[in-house]
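Novice: For reference, the file final20.cif (mmCIF, C-alpha atoms) is included below:
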```
data_input
#
loop_
_atom_site.label_atom_id
_atom_site.label_comp_id
_atom_site.auth_asym_id
_atom_site.auth_seq_id
_atom_site.Cartn_x
_atom_site.Cartn_y
_atom_site.Cartn_z
CA MET E 413 5.62 -13.94 -32.00
CA ALA E 414 5.55 -10.20 -32.64
CA HIS E 415 2.28 -10.05 -30.72
CA ASN E 416 3.85 -11.85 -27.76
CA ARG E 417 6.92 -9.62 -27.79
CA LYS E 418 4.74 -6.54 -27.86
CA PHE E 419 2.75 -7.72 -24.84
CA LEU E 420 5.89 -8.75 -22.99
CA GLY E 421 7.40 -5.32 -23.51
CA ASN E 422 4.31 -3.59 -22.16
CA ALA E 423 4.05 -6.07 -19.29
CA ILE E 424 7.63 -5.34 -18.21
CA ILE E 425 6.88 -1.60 -18.27
CA ILE E 426 3.72 -2.08 -16.17
CA CYS E 427 5.56 -4.25 -13.63
CA ALA E 428 8.55 -1.89 -13.33
CA LEU E 429 6.34 1.17 -13.04
CA GLY E 430 4.13 -0.60 -10.51
CA VAL E 431 7.12 -1.40 -8.28
CA ILE E 432 8.24 2.24 -8.34
CA LEU E 433 4.73 3.56 -7.68
CA MET E 434 4.32 1.23 -4.70
CA PHE E 435 7.78 2.21 -3.44
CA LEU E 436 6.77 5.87 -3.39
CA TYR E 437 3.31 5.17 -2.03
CA SER E 438 4.54 3.06 0.86
CA GLY E 439 7.17 5.62 1.80
CA LEU E 440 5.10 8.78 1.56
CA GLN E 441 1.89 7.29 2.90
CA SER E 442 3.15 6.06 6.28
CA ASP E 443 6.74 4.84 6.46
CA GLN E 444 8.34 8.28 6.14
CA ILE E 445 6.93 9.36 9.50
CA ASN E 446 9.39 6.96 11.14
CA ILE E 447 12.27 8.81 9.47
CA ILE E 448 10.89 12.20 10.44
CA GLN E 449 10.19 11.25 14.05
CA ALA E 450 13.69 9.82 14.41
CA PHE E 451 15.28 13.18 13.54
CA ILE E 452 12.69 15.63 14.83
CA THR E 453 12.20 14.89 18.52
CA PRO E 454 10.75 16.96 21.38
CA ASP E 455 13.65 15.90 23.63
CA ASN E 456 16.00 17.82 21.34
CA GLY E 457 13.81 20.88 20.92
CA GLY E 458 11.83 19.64 17.91
CA TRP E 459 8.12 19.45 17.27
CA THR E 460 6.20 16.83 19.25
CA THR E 461 5.30 13.46 17.72
CA THR E 462 1.67 14.57 17.69
CA ALA E 463 2.62 17.71 15.77
CA THR E 464 4.67 15.83 13.17
CA GLN E 465 1.88 13.26 12.74
CA LEU E 466 -0.95 15.82 12.49
CA PRO E 467 -0.73 16.74 8.77
CA MET E 468 -0.53 13.03 7.93
CA THR E 469 -3.68 12.40 9.93
CA VAL E 470 -5.51 15.28 8.27
CA GLY E 471 -4.32 13.98 4.91
CA ASN E 472 -5.67 10.53 5.76
CA PHE E 473 -9.13 11.99 6.22
CA VAL E 474 -8.96 13.99 2.99
CA CYS E 475 -7.88 10.82 1.17
CA ILE E 476 -11.24 9.29 2.06
CA ILE E 477 -12.82 11.69 -0.42
CA LEU E 478 -9.89 11.69 -2.84
CA THR E 479 -9.93 7.91 -3.16
CA PHE E 480 -13.37 8.19 -4.72
CA VAL E 481 -12.28 11.22 -6.78
CA TYR E 482 -9.15 9.49 -8.12
CA GLY E 483 -11.10 6.34 -8.95
CA THR E 484 -13.72 8.35 -10.80
CA LEU E 485 -11.02 10.22 -12.74
CA PHE E 486 -9.49 6.87 -13.78
CA ILE E 487 -12.86 5.70 -15.08
CA ARG E 488 -13.46 8.91 -17.06
CA PHE E 489 -9.96 9.82 -18.27
CA GLY E 490 -7.87 6.68 -17.92
CA VAL E 491 -4.94 6.13 -15.56
CA LYS E 492 -2.11 8.17 -17.11
CA LYS E 493 -3.45 11.73 -17.15
CA PRO E 494 -4.69 11.96 -13.52
CA LEU E 495 -1.61 10.10 -12.31
CA MET E 496 0.87 12.52 -13.88
CA VAL E 497 -0.92 15.62 -12.58
CA VAL E 498 -1.21 14.36 -9.00
CA MET E 499 2.38 13.08 -8.97
CA ALA E 500 3.54 16.61 -9.85
CA VAL E 501 1.65 17.88 -6.78
CA THR E 502 3.32 15.17 -4.70
CA ALA E 503 6.77 16.31 -5.85
CA VAL E 504 5.97 19.84 -4.66
CA GLY E 505 4.98 18.46 -1.26
CA VAL E 506 8.21 16.48 -0.95
CA ILE E 507 10.31 19.56 -1.68
CA LEU E 508 8.39 21.54 0.93
CA ILE E 509 9.17 18.90 3.58
CA ALA E 510 12.86 19.43 2.89
CA LEU E 511 12.49 23.22 2.94
CA ALA E 512 10.61 23.15 6.27
CA ASN E 513 13.72 21.93 8.16
CA GLY E 514 13.04 21.78 11.95
CA LEU E 515 15.60 19.00 12.34
CA ASP E 516 17.27 18.28 15.67
CA CYS E 517 20.70 18.59 14.06
CA ASN E 518 19.89 22.13 12.91
CA GLY E 519 18.47 23.43 16.19
CA GLY E 520 15.04 21.83 16.37
CA ALA E 521 11.79 23.75 15.99
CA ALA E 522 13.61 27.09 16.09
CA SER E 523 15.23 26.27 12.73
CA GLY E 524 12.03 25.18 11.03
CA ASN E 525 8.76 26.43 9.63
CA TYR E 526 5.90 24.29 10.88
CA ALA E 527 3.38 25.74 8.40
CA ILE E 528 5.55 24.73 5.45
CA TYR E 529 6.09 21.32 7.03
CA CYS E 530 2.33 20.80 7.36
CA ILE E 531 1.62 21.84 3.78
CA GLY E 532 4.39 19.63 2.44
CA MET E 533 3.37 16.55 4.45
CA PHE E 534 -0.28 17.10 3.55
CA LEU E 535 0.42 17.36 -0.20
CA ALA E 536 2.71 14.32 -0.13
CA ARG E 537 0.10 12.28 1.75
CA ILE E 538 -2.89 13.11 -0.43
CA GLY E 539 -0.82 12.81 -3.60
CA CYS E 540 0.82 9.46 -2.95
CA MET E 541 -2.57 7.72 -2.67
CA ILE E 542 -2.95 7.86 -6.44
CA ASN E 543 0.31 5.91 -6.90
CA GLN E 544 -1.14 2.82 -5.29
CA MET E 545 -4.50 3.13 -7.01
CA ALA E 546 -2.88 3.64 -10.42
CA GLY E 547 -0.50 0.69 -10.00
CA PHE E 548 -3.34 -1.59 -8.94
CA MET E 549 -5.63 -0.51 -11.77
CA LEU E 550 -2.94 -0.98 -14.41
CA VAL E 551 -2.35 -4.55 -13.20
CA ALA E 552 -6.10 -5.21 -13.04
CA ASN E 553 -6.44 -3.88 -16.61
CA TRP E 554 -3.54 -5.82 -18.11
CA PHE E 555 -3.76 -9.17 -16.27
CA ILE E 556 -6.51 -11.60 -15.30
CA ARG E 557 -5.05 -15.10 -15.29
CA PHE E 558 -1.81 -14.03 -13.63
CA ARG E 559 -3.09 -11.06 -11.63
CA GLY E 560 -1.99 -12.48 -8.27
CA GLN E 561 1.60 -13.15 -9.28
CA VAL E 562 1.96 -9.89 -11.20
CA MET E 563 0.45 -8.01 -8.26
CA GLY E 564 2.98 -9.83 -6.09
CA ILE E 565 5.77 -8.42 -8.26
CA VAL E 566 4.36 -4.89 -8.26
CA THR E 567 3.85 -4.76 -4.49
CA ILE E 568 7.53 -5.57 -3.95
CA GLY E 569 7.81 -1.79 -3.89
CA SER E 570 6.33 -1.60 -0.38
CA PRO E 571 8.90 -3.76 1.46
CA LEU E 572 11.59 -2.30 -0.81
CA PHE E 573 10.99 1.13 0.71
CA SER E 574 11.21 -0.36 4.19
CA VAL E 575 14.71 -1.59 3.25
CA ILE E 576 16.00 1.39 1.31
CA GLY E 577 13.86 4.15 2.76
CA THR E 578 13.12 3.39 6.38
CA SER E 579 15.97 1.13 7.42
CA VAL E 580 18.99 1.95 5.25
CA MET E 581 18.19 5.66 4.97
CA THR E 582 17.52 6.06 8.70
CA ASN E 583 20.95 4.66 9.50
CA PHE E 584 22.59 6.54 6.61
CA ILE E 585 20.99 9.83 7.69
CA ALA E 586 22.02 9.26 11.30
CA ASN E 587 25.58 8.10 10.65
CA ARG E 588 26.62 9.84 7.42
CA LEU E 589 24.45 12.95 7.17
CA GLY E 590 24.48 13.89 10.83
CA GLY E 591 20.70 13.60 11.11
CA ASP E 592 19.89 15.81 8.09
CA TYR E 593 17.28 14.01 5.95
CA ARG E 594 16.78 16.83 3.42
CA PRO E 595 18.96 15.27 0.64
CA PHE E 596 16.77 12.16 0.89
CA TYR E 597 13.63 14.17 0.12
CA VAL E 598 15.28 16.08 -2.72
CA GLY E 599 16.20 12.74 -4.27
CA ILE E 600 12.60 11.52 -3.99
CA ALA E 601 11.32 14.68 -5.72
CA ILE E 602 13.76 14.19 -8.62
CA LEU E 603 12.69 10.55 -8.92
CA ILE E 604 9.03 11.59 -9.15
CA VAL E 605 9.73 14.03 -12.00
CA VAL E 606 11.63 11.36 -13.96
CA ILE E 607 8.75 8.91 -13.48
CA ILE E 608 6.18 11.42 -14.77
CA ILE E 609 8.18 11.79 -17.98
CA LEU E 610 8.47 8.01 -18.44
CA ILE E 611 4.74 7.51 -17.85
CA ALA E 612 3.90 10.05 -20.54
CA ILE E 613 6.12 8.26 -23.06
CA LEU E 614 5.74 4.56 -22.29
CA VAL E 615 2.47 3.66 -20.54
CA LYS E 616 -0.83 2.51 -22.06
CA ASP E 617 -3.91 2.40 -19.83
CA THR E 618 -5.18 -0.97 -21.10
CA PRO E 619 -3.92 -3.78 -23.35
CA GLU E 620 -6.77 -2.99 -25.73
CA ALA E 621 -5.32 0.51 -26.19
CA ALA E 622 -2.16 -1.18 -27.49
CA GLY E 623 -4.07 -3.60 -29.74
CA LEU E 624 -3.66 -6.47 -27.26
CA TYR E 625 -5.67 -8.56 -24.79
CA PRO E 626 -5.06 -9.23 -21.06
CA ASP E 627 -2.26 -11.72 -20.29
CA GLY E 628 -1.13 -11.58 -23.93
CA ALA E 629 -4.01 -13.83 -25.00
CA ASP E 630 -5.14 -14.00 -28.64
CA HIS E 631 -8.79 -13.44 -27.74
CA ALA E 632 -10.93 -11.25 -25.54
CA PRO E 633 -11.52 -12.53 -21.96
CA LEU E 634 -14.11 -15.32 -21.85
CA SER E 635 -15.51 -13.94 -18.59
CA GLU E 636 -16.30 -10.60 -20.23
CA GLN E 637 -18.74 -11.76 -22.88
CA GLU E 638 -21.58 -9.74 -21.38
CA ASP E 639 -21.76 -5.96 -21.68
CA GLU E 640 -19.97 -3.99 -18.99
CA VAL E 641 -22.20 -2.64 -16.23
CA LYS E 642 -21.09 0.69 -14.77
CA LEU E 643 -21.81 0.20 -11.10
CA THR E 644 -23.15 3.22 -9.25
CA VAL E 645 -22.34 4.11 -5.65
CA GLY E 646 -25.77 2.92 -4.54
CA GLN E 647 -25.42 -0.42 -6.31
CA VAL E 648 -22.02 -1.11 -4.76
CA LEU E 649 -23.20 -0.21 -1.26
CA LYS E 650 -26.20 -2.56 -1.56
CA MET E 651 -24.01 -5.58 -2.31
CA LYS E 652 -23.15 -7.95 0.52
CA LYS E 653 -19.71 -8.67 -0.94
CA SER E 654 -18.86 -4.97 -0.77
CA TRP E 655 -19.29 -4.91 2.99
CA GLN E 656 -17.47 -8.19 3.43
CA LEU E 657 -14.49 -6.63 1.65
CA ILE E 658 -14.80 -3.36 3.53
CA ILE E 659 -14.64 -5.12 6.90
CA ALA E 660 -12.00 -7.70 5.98
CA PHE E 661 -9.39 -5.52 4.33
CA GLY E 662 -10.42 -2.47 6.28
CA ALA E 663 -9.24 -4.44 9.32
CA PHE E 664 -6.03 -5.69 7.69
CA GLN E 665 -5.13 -2.23 6.41
CA PHE E 666 -5.87 -0.66 9.80
CA VAL E 667 -3.40 -3.01 11.48
CA ILE E 668 -0.59 -2.40 9.01
CA ALA E 669 -1.08 1.38 9.27
CA ALA E 670 -1.16 1.19 13.07
CA CYS E 671 2.03 -0.86 13.32
CA MET E 672 4.06 0.83 10.60
CA GLY E 673 2.98 4.34 11.58
CA SER E 674 3.92 4.01 15.25
CA MET E 675 6.83 1.58 15.39
CA ALA E 676 9.51 4.27 15.74
CA VAL E 677 7.68 5.94 18.63
CA TYR E 678 7.03 2.58 20.30
CA TYR E 679 10.62 1.31 20.07
CA MET E 680 12.00 4.66 21.19
CA SER E 681 9.69 4.45 24.22
CA LEU E 682 11.51 1.24 25.13
CA GLY E 683 14.94 2.84 25.27
CA GLY E 684 15.41 5.77 22.90
CA LEU E 685 16.99 6.04 19.48
CA ASP E 686 19.45 3.18 20.15
CA VAL E 687 16.60 0.66 20.51
CA TRP E 688 14.91 1.97 17.37
CA LEU E 689 18.14 1.77 15.36
CA MET E 690 18.58 -1.82 16.57
CA ALA E 691 15.00 -2.54 15.48
CA THR E 692 15.59 -1.07 12.03
CA LYS E 693 18.16 -3.79 11.37
CA TRP E 694 15.48 -6.43 11.88
CA LEU E 695 13.02 -4.24 10.00
CA ALA E 696 15.43 -4.46 7.07
CA MET E 697 15.39 -8.26 7.36
CA GLY E 698 11.60 -8.23 7.40
CA ALA E 699 11.46 -5.84 4.49
CA ILE E 700 13.83 -8.05 2.47
CA LEU E 701 11.67 -11.07 3.28
CA GLY E 702 8.65 -9.00 2.29
CA ILE E 703 9.91 -9.00 -1.30
CA PRO E 704 9.46 -12.77 -1.82
CA MET E 705 6.40 -12.75 0.48
CA SER E 706 4.66 -10.37 -1.94
CA TYR E 707 5.05 -12.97 -4.66
CA VAL E 708 4.16 -15.85 -2.31
CA PHE E 709 0.80 -14.26 -1.47
CA GLY E 710 0.23 -13.49 -5.15
CA PHE E 711 0.99 -17.12 -6.02
CA LEU E 712 -1.43 -18.30 -3.33
CA ASP E 713 -4.05 -15.99 -4.81
CA ASP E 714 -3.65 -17.53 -8.28
CA ARG E 715 -3.56 -21.13 -7.08
CA LEU E 716 -5.92 -21.20 -4.08
CA GLY E 717 -8.10 -18.17 -4.69
CA SER E 718 -8.23 -14.73 -3.13
CA VAL E 719 -10.35 -15.71 -0.15
CA VAL E 720 -8.13 -18.53 1.14
CA ALA E 721 -5.00 -16.45 0.58
CA SER E 722 -6.58 -13.56 2.52
CA VAL E 723 -7.43 -15.80 5.48
CA VAL E 724 -3.77 -16.87 5.63
CA LEU E 725 -2.75 -13.21 5.52
CA GLY E 726 -5.08 -12.29 8.38
CA CYS E 727 -3.62 -15.01 10.59
CA CYS E 728 -0.08 -13.85 9.74
CA GLU E 729 -0.92 -10.31 10.90
CA LEU E 730 -1.06 -11.60 14.47
CA ILE E 731 2.72 -12.22 14.37
CA PRO E 732 3.99 -8.62 14.31
CA VAL E 733 1.33 -7.42 16.75
CA LEU E 734 2.21 -10.08 19.34
CA CYS E 735 5.95 -9.55 18.88
CA LEU E 736 5.55 -5.82 19.46
CA MET E 737 3.24 -6.35 22.42
CA LEU E 738 5.72 -8.65 24.18
CA GLN E 739 8.79 -6.43 23.70
CA PRO E 740 10.55 -5.67 27.03
CA MET E 741 12.35 -2.43 27.92
CA GLY E 742 15.57 -2.25 25.94
CA GLY E 743 14.12 -4.47 23.24
CA SER E 744 14.42 -8.20 22.55
CA ALA E 745 16.34 -9.42 19.49
CA PRO E 746 14.35 -12.70 19.13
CA LEU E 747 11.05 -10.81 19.27
CA MET E 748 12.43 -8.30 16.78
CA VAL E 749 13.16 -11.22 14.44
CA GLY E 750 9.55 -12.37 14.76
CA TRP E 751 8.37 -8.80 14.29
CA GLY E 752 10.52 -8.50 11.16
CA PHE E 753 8.94 -11.63 9.68
CA GLY E 754 5.50 -10.29 10.55
CA VAL E 755 6.33 -7.04 8.80
CA ALA E 756 7.29 -9.10 5.75
CA CYS E 757 3.86 -10.74 5.75
CA MET E 758 2.03 -7.44 6.21
CA THR E 759 3.97 -5.32 3.73
CA GLY E 760 4.05 -8.17 1.24
CA GLY E 761 0.55 -9.53 1.68
CA VAL E 762 -1.83 -6.63 2.31
CA PRO E 763 -0.99 -4.56 -0.80
CA THR E 764 -0.92 -7.69 -2.97
CA LEU E 765 -4.20 -9.26 -1.91
CA HIS E 766 -6.33 -6.15 -1.48
CA PRO E 767 -6.70 -5.41 -5.22
CA CYS E 768 -6.75 -9.13 -6.00
CA ILE E 769 -9.76 -9.85 -3.82
CA THR E 770 -11.57 -6.77 -5.15
CA SER E 771 -10.96 -8.00 -8.72
CA PHE E 772 -12.05 -11.46 -7.56
CA ALA E 773 -15.36 -10.08 -6.32
CA PHE E 774 -16.13 -7.60 -9.11
CA GLY E 775 -14.04 -8.52 -12.15
CA ARG E 776 -11.60 -6.55 -14.27
CA ARG E 777 -14.05 -4.11 -15.84
CA GLU E 778 -15.89 -3.23 -12.63
CA TYR E 779 -12.81 -3.21 -10.42
CA GLN E 780 -12.45 0.56 -10.17
CA SER E 781 -16.20 1.22 -9.98
CA ALA E 782 -16.23 -0.78 -6.76
CA ASN E 783 -12.70 -0.06 -5.53
CA ARG E 784 -13.12 3.72 -5.38
CA ILE E 785 -16.03 3.28 -2.96
CA ILE E 786 -14.70 0.35 -0.93
CA MET E 787 -11.29 1.96 -0.39
CA ALA E 788 -12.84 5.29 0.55
CA ILE E 789 -14.88 3.67 3.32
CA GLN E 790 -11.92 1.60 4.50
CA LEU E 791 -9.88 4.77 4.89
CA ILE E 792 -12.23 6.14 7.56
CA PRO E 793 -10.98 3.88 10.40
CA TYR E 794 -7.56 3.66 8.73
CA SER E 795 -7.12 7.40 9.23
CA PHE E 796 -7.21 6.95 13.01
CA ALA E 797 -4.79 4.00 13.15
CA ALA E 798 -1.38 5.61 13.62
CA MET E 799 -2.68 8.45 15.79
CA MET E 800 -4.53 5.97 18.03
CA MET E 801 -1.36 3.96 18.52
CA ILE E 802 0.87 6.99 19.13
CA THR E 803 -1.62 8.44 21.62
CA LEU E 804 -2.02 5.22 23.60
CA ILE E 805 1.74 4.58 23.58
CA GLY E 806 2.31 8.12 24.84
CA MET E 807 -0.19 7.48 27.66
CA GLY E 808 1.67 4.32 28.67
CA LYS E 809 -1.15 2.08 27.43
CA ALA E 810 0.63 0.28 24.59
CA ASN E 811 -0.74 -3.14 25.64
CA LEU E 812 -4.30 -1.86 25.32
CA ALA E 813 -3.49 -0.65 21.80
CA PHE E 814 -2.16 -4.07 20.81
CA ILE E 815 -5.18 -5.86 22.28
CA ILE E 816 -7.41 -3.62 20.15
CA LEU E 817 -5.38 -4.61 17.09
CA ILE E 818 -5.79 -8.32 17.87
CA CYS E 819 -9.57 -7.88 18.06
CA ILE E 820 -9.57 -6.02 14.75
CA ILE E 821 -7.58 -8.82 13.08
CA ALA E 822 -10.11 -11.37 14.36
CA ALA E 823 -12.96 -9.35 12.84
CA GLY E 824 -11.12 -9.21 9.51
CA VAL E 825 -10.49 -12.96 9.40
CA ILE E 826 -14.12 -13.76 10.27
CA SER E 827 -15.40 -11.42 7.55
CA THR E 828 -13.07 -13.03 5.02
CA LEU E 829 -14.26 -16.52 5.95
CA THR E 830 -17.83 -15.52 5.11
CA MET E 831 -16.70 -15.04 1.47
CA LEU E 832 -15.64 -18.67 0.93
CA GLY E 833 -18.71 -19.40 -1.21
CA LEU E 834 -18.23 -16.37 -3.48
CA LYS E 835 -17.32 -17.08 -7.13
CA ASP E 836 -14.44 -15.33 -8.89
CA ALA E 837 -15.95 -12.82 -11.34
CA ASN E 838 -13.25 -13.73 -13.91
CA ALA E 839 -13.15 -17.46 -13.11
CA ALA E 840 -13.27 -18.52 -16.78
CA ASP E 841 -9.96 -16.76 -17.41
CA ARG E 842 -8.18 -17.65 -14.18
CA MET E 843 -5.61 -20.42 -13.68
CA TYR E 844 -7.46 -22.25 -10.93
CA GLY E 845 -10.76 -21.73 -12.74
CA ASN E 846 -9.37 -23.37 -15.89
CA ASP E 847 -7.76 -26.17 -13.88
CA LYS E 848 -11.08 -27.07 -12.25
CA LYS E 849 -12.85 -26.96 -15.62
CA ALA E 850 -10.28 -29.26 -17.14
CA LYS E 851 -10.63 -31.77 -14.31
CA ALA E 852 -14.42 -31.73 -14.60
CA GLU E 853 -14.17 -32.58 -18.30
#
```
Please lay out the structure from this file as structure tokens.
Specialist:
Amino acid sequence: MAHNRKFLGNAIIICALGVILMFLYSGLQSDQINIIQAFITPDNGGWTTTATQLPMTVGNFVCIILTFVYGTLFIRFGVKKPLMVVMAVTAVGVILIALANGLDCNGGAASGNYAIYCIGMFLARIGCMINQMAGFMLVANWFIRFRGQVMGIVTIGSPLFSVIGTSVMTNFIANRLGGDYRPFYVGIAILIVVIIILIAILVKDTPEAAGLYPDGADHAPLSEQEDEVKLTVGQVLKMKKSWQLIIAFGAFQFVIAACMGSMAVYYMSLGGLDVWLMATKWLAMGAILGIPMSYVFGFLDDRLGSVVASVVLGCCELIPVLCLMLQPMGGSAPLMVGWGFGVACMTGGVPTLHPCITSFAFGRREYQSANRIIMAIQLIPYSFAAMMMITLIGMGKANLAFIILICIIAAGVISTLTMLGLKDANAADRMYGNDKKAKAE
């Protein structure tokens, strides 16, 4: 009983921390640009949308390299130490965004410092990447049998930011703060500092470091009887399953980045801030639905397997793209409802299933050896997603942008389908693996 209580206590800490890390990652990685571009607009003397997006785009490219660097640091030093250092850098970036000003309500570009803005956005972007990677690795380390459902709990943080950060805060900033988002960023910086302190005190990198086993079991994982093989870059790149994953979730991540990183600009192109504020209400609905959808996709992963769950996710990604594509001038409430549900599927499903299917393909112990390479490659096209959408929308070619996204989704689904015959690397310790074994006996 003491053993179980000890694991439960650590599991609660991992889940709570994971939710917070995903909350910060989702907000600082892409969603915050919708807040910034709502209150820094060229029509009111602010920087252009291209200018506000630029440091994020540059940061996206740098993250291609840093994804590999962060993953390597996790392998060599564990999760905690690199996470705390990089989170401190992120907090500095967040404060700089607030100091940069440049807000419409304060006089636009004349009141701001674009250099400070760029540095702050860049630091926040390259720093927040480690939040997601750390949260995923902690779950992969601590859970095997229930990794899908636990990942579904952790990734609640993504849609949660869409509710609290993007939707509620956008309206709060507009209606209560007169368009001044600086207190919001100060609050985020304080939150980051508090989290760093809690990580130092409470978190263990692995269950073994706490004298436990994954899932609170009383024995070492059955699927890890053989010695661990430290996969090299060359070995990962030579594996077929690596490229299947790169294409499949590279496509799904590209679509979510494209939609979430450009939705404010797109809705405002249909009728200004009023249309965007109307859309944020349905975004809030979608974000709220994204909370249970995170768990739903995690449950599907545990019961049906990562590949089947990922095919369902890919098909669901068509919903928000089509609902955006069909929006008329002035906006359509029914289509916004469909878009909100699609956002729920994307923000709930993509973060949940991406680490699950990587663990499925490579197993708990080799997860990060493969993930640091796969994610780095996936970030190459991902880095162009929001800028591509914003550019095409600005040129009046939004439909072309959405057609491109539909083709990318199709490529992702097809690549996922080719993995149907692949065996779960930790099948002996998984729920559906044990169920099938029991039936066979």
Novice: Determine the nearest neighbour of Gly743 in chain E from the options E:Gly646, E:Gly683, E:Pro467, E:Pro494, counting all atoms listed in the file.
Specialist: E:Gly683
Novice: Rounded to one decimal in Å, what is the spacing between CA of Thr461 in chain E and CA of Asn583 in chain E?
Specialist: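 A separation of 19.7 Å between them.
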Novice: Can you list what the PyMOL selection byres ((chain E and resi 502-513) around 9) grabs from this structure, as an NGL selection string?
Specialist: :E and (440 or 497-501 or 514-515 or 518 or 520-521 or 523-540 or 592-598 or 600-605)
Novice: Near range 753-765 of chain E, within 7 Å and counting all atoms listed in the file, which residues show up once chain neighbours fewer than 4 positions away are dropped, as a PyMOL selection string?
Specialist: chain E and resi 563-564+567-568+570-571+664-665+668+698-699+701-703+705-706+709-710+718+722+725+728-729+731-732+749+769
Novice: I need the residue set behind the PyMOL selection byres ((chain E and resi 460) around 12) for this file; please write it as a PyMOL selection string.
Specialist: chain E and resi 448-459+461-466+514-516+520-521+526+677+802-803+806
Novice: Separation of CA of Trp688 in chain E and CA of Gly569 in chain E, in Å?
Specialist: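 Going from CA of Trp688 in chain E over to CA of Gly569 in chain E covers 22.7 Å.
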Novice: Please evaluate the PyMOL selection byres ((chain E and resi 811) around 12) against the structure above and give the resulting residues as number ranges by chain.
Specialist: E: 678, 733-740, 801, 804-810, 812-818
Novice: Separation of CA of Val687 in chain E and CA of Met741 in chain E, in Å?
Specialist: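 We find that CA of Val687 in chain E and CA of Met741 in chain E lie 9.1 Å from each other.
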Novice: Choose the residue, out of E:Phe573, E:Trp554, E:Phe548, E:Tyr679, that has the smallest atom-to-atom separation from Pro767 in chain E; count only C-alpha atoms.
Specialist: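 For Pro767 in chain E, the nearest of the candidates is E:Phe548.
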Novice: May I have the protein, DNA and RNA residues with an atom at most 9 Å from (-5.8, 4.0, 12.7), counting all atoms listed in the file in the file's coordinates, returned as JSON, numbers by chain?
Specialist: {"E": [665, 666, 667, 669, 670, 673, 791, 792, 793, 794, 795, 796, 797, 798, 799, 800, 801]}
Novice: Quick one: of E:Val648, E:Ser574, E:Ile432, E:Met468, who's nearest to Val606 in chain E, counting only C-alpha atoms?
Specialist: E:Ile432
Novice: Centre and edge lengths, as lines of an AutoDock Vina configuration file, for the axis-aligned box enclosing every listed atom of range 791-795 of chain E with 4 Å of padding on each of the six sides, in Å to one decimal?
Specialist:
```
center_x = -9.7
center_y = 5.5
center_z = 7.6
size_x = 13.1
size_y = 11.7
size_z = 13.5
```
Novice: Can you work out which one of E:Gln561, E:Ser827, E:Gln780, E:Thr578 has the shortest atom-to-atom distance to Asp627 in chain E, counting all atoms listed in the file?
Specialist: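 Going through E:Gln561, E:Ser827, E:Gln780, E:Thr578 one by one, the smallest distance to Asp627 in chain E is for E:Gln561.
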Novice: With all atoms listed in the file as the counted atoms, please give the residues lying no more than 12 Å from Ile425 in chain E, apart from itself and same-chain residues fewer than 4 positions off, as a list in words.
Specialist: Lys418, Phe419, Leu420, Gly421, Leu429, Gly430, Val431, Ile432, Leu433, Gly547, Leu550, Val551, Trp554, Val562, Val566, Ile607, Leu610, Ile611, Ile613, Leu614, Val615, Lys616 and Asp617 of chain E
Novice: Let me make sure I understand: among E:Ile556, E:Leu478, E:Leu682, E:Ile565, which one has the smallest atom-to-atom distance to Ser771 in chain E if we use all atoms listed in the file?
Specialist: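 Looking at the shortest contact to Ser771 in chain E, the residue is E:Ile556.
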Novice: Which residue is closest to Gln790 in chain E? Choose from E:Gly662, E:Gly483, E:Gly684, E:Pro746 and count all atoms listed in the file.
Specialist: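 Using all atoms listed in the file, Gln790 in chain E sits closest to E:Gly662.
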